[in-house]
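This is run34.pdb (PDB, C-alpha atoms).
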ATOM      1  CA  MET A 627       0.000   0.000   0.000
ATOM      2  CA  SER A 628       1.096   3.569  -0.251
ATOM      3  CA  ALA A 629       2.381   5.885   2.432
ATOM      4  CA  PRO A 630       0.034   6.968   5.222
ATOM      5  CA  PRO A 631      -1.199  10.577   5.345
ATOM      6  CA  GLY A 632       1.502  13.001   6.396
ATOM      7  CA  ASN A 633       4.295  10.845   4.976
ATOM      8  CA  TRP A 634       4.176  11.747   1.299
ATOM      9  CA  GLU A 635       7.537  10.224   0.407
ATOM     10  CA  GLY A 636       6.841   7.913  -2.485
ATOM     11  CA  GLN A 637       3.718   9.831  -3.572
ATOM     12  CA  SER A 638       4.944  10.545  -7.062
ATOM     13  CA  THR A 639       3.647   9.996 -10.552
ATOM     14  CA  THR A 640       6.992   8.505 -11.527
ATOM     15  CA  ARG A 641       7.460   6.109  -8.592
ATOM     16  CA  PRO A 642       5.074   3.460  -7.312
ATOM     17  CA  PRO A 643       3.577   3.953  -3.834
ATOM     18  CA  LEU A 644       5.648   2.907  -0.825
ATOM     19  CA  PHE A 645       5.405  -0.793  -0.368
ATOM     20  CA  ASN A 646       4.529  -2.700   2.808
ATOM     21  CA  GLY A 647       6.872  -5.624   2.171
ATOM     22  CA  HIS A 648       4.499  -8.343   0.981
ATOM     23  CA  TYR A 649       3.918  -9.466  -2.567
ATOM     24  CA  LEU A 650       1.022 -11.698  -3.436
ATOM     25  CA  GLU A 651       1.252 -14.984  -5.283
ATOM     26  CA  GLU A 652      -1.948 -15.875  -7.058
ATOM     27  CA  LYS A 653      -2.900 -19.522  -6.705
ATOM     28  CA  ALA A 654      -5.025 -21.453  -9.201
ATOM     29  CA  GLU A 655      -8.023 -21.297  -6.832
ATOM     30  CA  GLY A 656      -7.967 -17.478  -6.977
ATOM     31  CA  VAL A 657      -6.541 -17.110  -3.454
ATOM     32  CA  ASP A 658      -3.671 -14.681  -2.891
ATOM     33  CA  VAL A 659      -0.815 -15.895  -0.697
ATOM     34  CA  PRO A 660       1.799 -13.443   0.701
ATOM     35  CA  LYS A 661       5.348 -13.799  -0.692
ATOM     36  CA  THR A 662       8.539 -12.054   0.400
ATOM     37  CA  ARG A 663      10.656 -10.175  -2.156
ATOM     38  CA  ALA A 664      13.325 -12.891  -1.975
ATOM     39  CA  ASP A 665      10.749 -15.483  -3.099
ATOM     40  CA  CYS A 666       9.571 -13.404  -6.085
ATOM     41  CA  THR A 667      10.704 -14.029  -9.629
ATOM     42  CA  THR A 668      11.191 -11.242 -12.172
ATOM     43  CA  GLU A 669       7.862 -12.237 -13.702
ATOM     44  CA  ASP A 670       6.132 -11.929 -10.288
ATOM     45  CA  LEU A 671       7.542  -8.418  -9.830
ATOM     46  CA  LYS A 672       6.427  -7.356 -13.319
ATOM     47  CA  LYS A 673       2.896  -8.669 -12.637
ATOM     48  CA  TRP A 674       2.809  -6.816  -9.299
ATOM     49  CA  GLU A 675       3.998  -3.567 -10.900
ATOM     50  CA  LYS A 676       1.395  -3.881 -13.672
ATOM     51  CA  LYS A 677      -1.378  -4.365 -11.095
ATOM     52  CA  ALA A 678      -0.050  -1.447  -9.003
ATOM     53  CA  ILE A 679      -0.209   1.188 -11.773
ATOM     54  CA  PRO A 680      -3.981   1.943 -11.651
ATOM     55  CA  LYS A 681      -3.925   1.906  -7.862
ATOM     56  CA  LYS A 682      -0.907   4.239  -7.845
ATOM     57  CA  TRP A 683      -2.653   6.772 -10.079
ATOM     58  CA  LEU A 684      -5.742   6.766  -7.879
ATOM     59  CA  VAL A 685      -3.848   7.039  -4.581
ATOM     60  CA  CYS A 686      -1.376   9.702  -5.761
ATOM     61  CA  GLY A 687      -4.213  12.026  -6.675
ATOM     62  CA  LEU A 688      -5.881  11.960  -3.258
ATOM     63  CA  GLY A 689      -5.522  14.236  -0.273
ATOM     64  CA  SER A 690      -5.273  12.898   3.262
ATOM     65  CA  GLY A 691      -9.049  13.102   3.864
ATOM     66  CA  GLU A 692      -9.788  11.003   0.808
ATOM     67  CA  TYR A 693      -6.907   8.679   1.596
ATOM     68  CA  ASN A 694      -8.531   7.840   4.925
ATOM     69  CA  ARG A 695     -11.622   6.663   3.034
ATOM     70  CA  ILE A 696      -9.716   4.211   0.858
ATOM     71  CA  GLN A 697      -6.780   3.098   2.973
ATOM     72  CA  SER A 698      -8.341  -0.303   3.668
ATOM     73  CA  CYS A 699      -8.953  -0.970  -0.046
ATOM     74  CA  THR A 700      -6.614  -3.476  -1.633
ATOM     75  CA  THR A 701      -7.410  -3.064  -5.344
ATOM     76  CA  ALA A 702      -7.903  -0.178  -7.749
ATOM     77  CA  LYS A 703     -11.489  -1.380  -8.313
ATOM     78  CA  GLN A 704     -12.253  -1.204  -4.578
ATOM     79  CA  ILE A 705     -10.735   2.298  -4.402
ATOM     80  CA  TRP A 706     -12.767   3.462  -7.398
ATOM     81  CA  ASP A 707     -16.024   1.984  -6.082
ATOM     82  CA  THR A 708     -15.480   3.502  -2.624
ATOM     83  CA  LEU A 709     -14.806   6.959  -4.052
ATOM     84  CA  GLN A 710     -17.731   6.681  -6.469
ATOM     85  CA  VAL A 711     -20.189   5.824  -3.687
ATOM     86  CA  ALA A 712     -18.746   8.568  -1.454
ATOM     87  CA  HIS A 713     -19.090  11.276  -4.102
ATOM     88  CA  GLU A 714     -21.944  10.160  -6.339
ATOM     89  CA  GLY A 715     -23.877   7.758  -4.182
ATOM     90  CA  LYS A 716     -25.510   4.536  -5.223
ATOM     91  CA  PRO A 717     -27.639   4.620  -8.415
ATOM     92  CA  GLN A 718     -30.945   4.857  -6.502
ATOM     93  CA  VAL A 719     -29.585   7.734  -4.365
ATOM     94  CA  LYS A 720     -28.319   9.439  -7.523
ATOM     95  CA  ARG A 721     -31.751   9.088  -9.139
ATOM     96  CA  SER A 722     -33.612  10.494  -6.143
ATOM     97  CA  ARG A 723     -31.099  13.362  -5.860
ATOM     98  CA  GLY A 724     -31.698  14.150  -9.543
ATOM     99  CA  THR A 725     -35.459  14.174  -8.967
ATOM    100  CA  LEU A 726     -35.089  16.486  -5.968
ATOM    101  CA  LEU A 727     -32.791  18.869  -7.866
ATOM    102  CA  TYR A 728     -35.127  18.917 -10.879
ATOM    103  CA  SER A 729     -38.005  19.800  -8.550
ATOM    104  CA  GLN A 730     -35.889  22.664  -7.182
ATOM    105  CA  TYR A 731     -35.218  23.756 -10.773
ATOM    106  CA  GLU A 732     -38.935  23.738 -11.613
ATOM    107  CA  ASN A 733     -39.773  25.774  -8.485
ATOM    108  CA  PHE A 734     -36.786  28.119  -8.786
ATOM    109  CA  ALA A 735     -37.680  31.678  -7.816
ATOM    110  CA  MET A 736     -36.022  34.917  -6.778
ATOM    111  CA  LYS A 737     -35.669  35.305  -3.016
ATOM    112  CA  GLU A 738     -36.617  38.485  -1.183
ATOM    113  CA  GLY A 739     -33.788  41.043  -1.392
ATOM    114  CA  GLU A 740     -31.685  38.879  -3.715
ATOM    115  CA  ILE A 741     -29.599  40.612  -6.375
ATOM    116  CA  ILE A 742     -29.299  39.365  -9.957
ATOM    117  CA  GLN A 743     -25.761  38.012  -9.432
ATOM    118  CA  GLU A 744     -26.934  35.860  -6.501
ATOM    119  CA  ILE A 745     -29.861  34.528  -8.541
ATOM    120  CA  TYR A 746     -27.554  33.680 -11.409
ATOM    121  CA  THR A 747     -25.023  31.950  -9.138
ATOM    122  CA  ARG A 748     -27.733  29.834  -7.466
ATOM    123  CA  PHE A 749     -29.269  28.975 -10.823
ATOM    124  CA  ILE A 750     -25.960  27.971 -12.448
ATOM    125  CA  THR A 751     -25.015  25.875  -9.421
ATOM    126  CA  LEU A 752     -28.350  24.058  -9.596
ATOM    127  CA  THR A 753     -28.152  23.406 -13.347
ATOM    128  CA  ASN A 754     -24.521  22.243 -13.058
ATOM    129  CA  GLU A 755     -25.499  19.737 -10.355
ATOM    130  CA  LEU A 756     -28.305  18.482 -12.586
ATOM    131  CA  LYS A 757     -25.845  18.173 -15.469
ATOM    132  CA  SER A 758     -23.427  16.156 -13.323
ATOM    133  CA  LEU A 759     -26.268  13.727 -12.602
ATOM    134  CA  GLY A 760     -27.066  13.358 -16.300
ATOM    135  CA  ARG A 761     -30.066  15.710 -16.492
ATOM    136  CA  ILE A 762     -29.001  18.295 -19.033
ATOM    137  CA  ILE A 763     -31.318  21.275 -19.483
ATOM    138  CA  PRO A 764     -30.947  22.996 -22.871
ATOM    139  CA  GLU A 765     -29.649  26.559 -22.795
ATOM    140  CA  GLU A 766     -32.824  27.936 -24.430
ATOM    141  CA  ASP A 767     -34.938  26.480 -21.621
ATOM    142  CA  ARG A 768     -32.674  27.945 -18.946
ATOM    143  CA  VAL A 769     -32.713  31.401 -20.522
ATOM    144  CA  GLU A 770     -36.502  31.287 -20.936
ATOM    145  CA  LYS A 771     -36.948  30.217 -17.318
ATOM    146  CA  ILE A 772     -34.851  33.105 -15.976
ATOM    147  CA  LEU A 773     -36.422  35.744 -18.237
ATOM    148  CA  THR A 774     -40.058  34.686 -17.996
ATOM    149  CA  ARG A 775     -40.549  32.872 -14.707
ATOM    150  CA  VAL A 776     -37.795  33.780 -12.232
ATOM    151  CA  LEU A 777     -37.394  37.528 -12.496
ATOM    152  CA  PRO A 778     -40.213  39.552 -10.931
ATOM    153  CA  ILE A 779     -42.541  41.780 -12.980
ATOM    154  CA  THR A 780     -40.569  44.858 -11.865
ATOM    155  CA  TRP A 781     -37.729  43.643 -14.105
ATOM    156  CA  GLU A 782     -39.836  43.877 -17.278
ATOM    157  CA  SER A 783     -38.898  46.686 -19.655
TER     158      SER A 783
END

Please express the file's structure as structure tokens.
Amino acid sequence: MSAPPGNWEGQSTTRPPLFNGHYLEEKAEGVDVPKTRADCTTEDLKKWEKKAIPKKWLVCGLGSGEYNRIQSCTTAKQIWDTLQVAHEGKPQVKRSRGTLLYSQYENFAMKEGEIIQEIYTRFITLTNELKSLGRIIPEEDRVEKILTRVLPITWES
């Protein structure tokens, strides 16, 4: 595994993460058995390095807070899945979040005492979140919504 938070030696895009001293030998039954470096062949080391590359890229790009989330993960797939659930949620959570955000979009209105820049910032944030969840609202619809349904009558020319 890579270095713990605070010890960033080895956290480089050109070097693999710091190593804990155990290599794994894959048995025919799919069970991994620890091996020491002395017991490894050149082929074993090449296989280990090839498996470590995706994990290295994921770990090297994380800060200490994110590292704490994934430090018990042993494969790149586990790291990816853990980060995906942490940031996007499970598919059903993602769907319900999209529904909630779309409802907020439909009911979007100017708040009392809000200036145009604040409205715009809130609106863009909302539409960007919808976009990240796969619900893209065409630009024409967004412009129409702001001009005809969000701004109060006092804004008409």

*asked:* Evaluate the PyMOL selection byres ((chain A and resi 700) around 12) against this structure - the residues, as a count of residues only, please.
replied: 22

*asked:* I need the output of the PyMOL selection byres ((chain A and resi 753-761) around 10) for this file as a list in words; which residues are they?
replied: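 On the file shown, the PyMOL selection byres ((chain A and resi 753-761) around 10) covers Glu714, Lys720, Arg721, Arg723, Gly724, Thr725, Leu726, Leu727, Tyr728, Gln730, Tyr731, Arg748, Phe749, Ile750, Thr751, Leu752, Ile762, Ile763, Pro764 and Arg768 of chain A.
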
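Of note, atom CA of Glu770 of chain A and atom CA of Ile741 of chain A are spaced 18.6 Å apart.
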
*Using only C-alpha atoms, pick whichever of A:Asp665, A:Asp670, A:Glu675, A:Glu740 has the shortest atom-to-atom distance to Val776 of chain A.*
A:Glu740

*Do you have the atom CA of Cys666 of chain A-atom CA of Cys686 of chain A distance handy?*
25.6 Å

*When you draw a straight line from atom CA of Thr747 of chain A to atom CA of Leu777 of chain A, how long is it in Å?*
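Result for atom CA of Thr747 of chain A versus atom CA of Leu777 of chain A: 14.0 Å, one decimal.
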
Taking all atoms of segment 766-774 of chain A that appear in the file, build a box with edges along x, y and z, extend it by 4 Å on every side, and state its centre and edge lengths in Å to one decimal, as JSON.
{"center_x": -36.4, "center_y": 31.1, "center_z": -20.2, "size_x": 15.4, "size_y": 17.3, "size_z": 16.5}
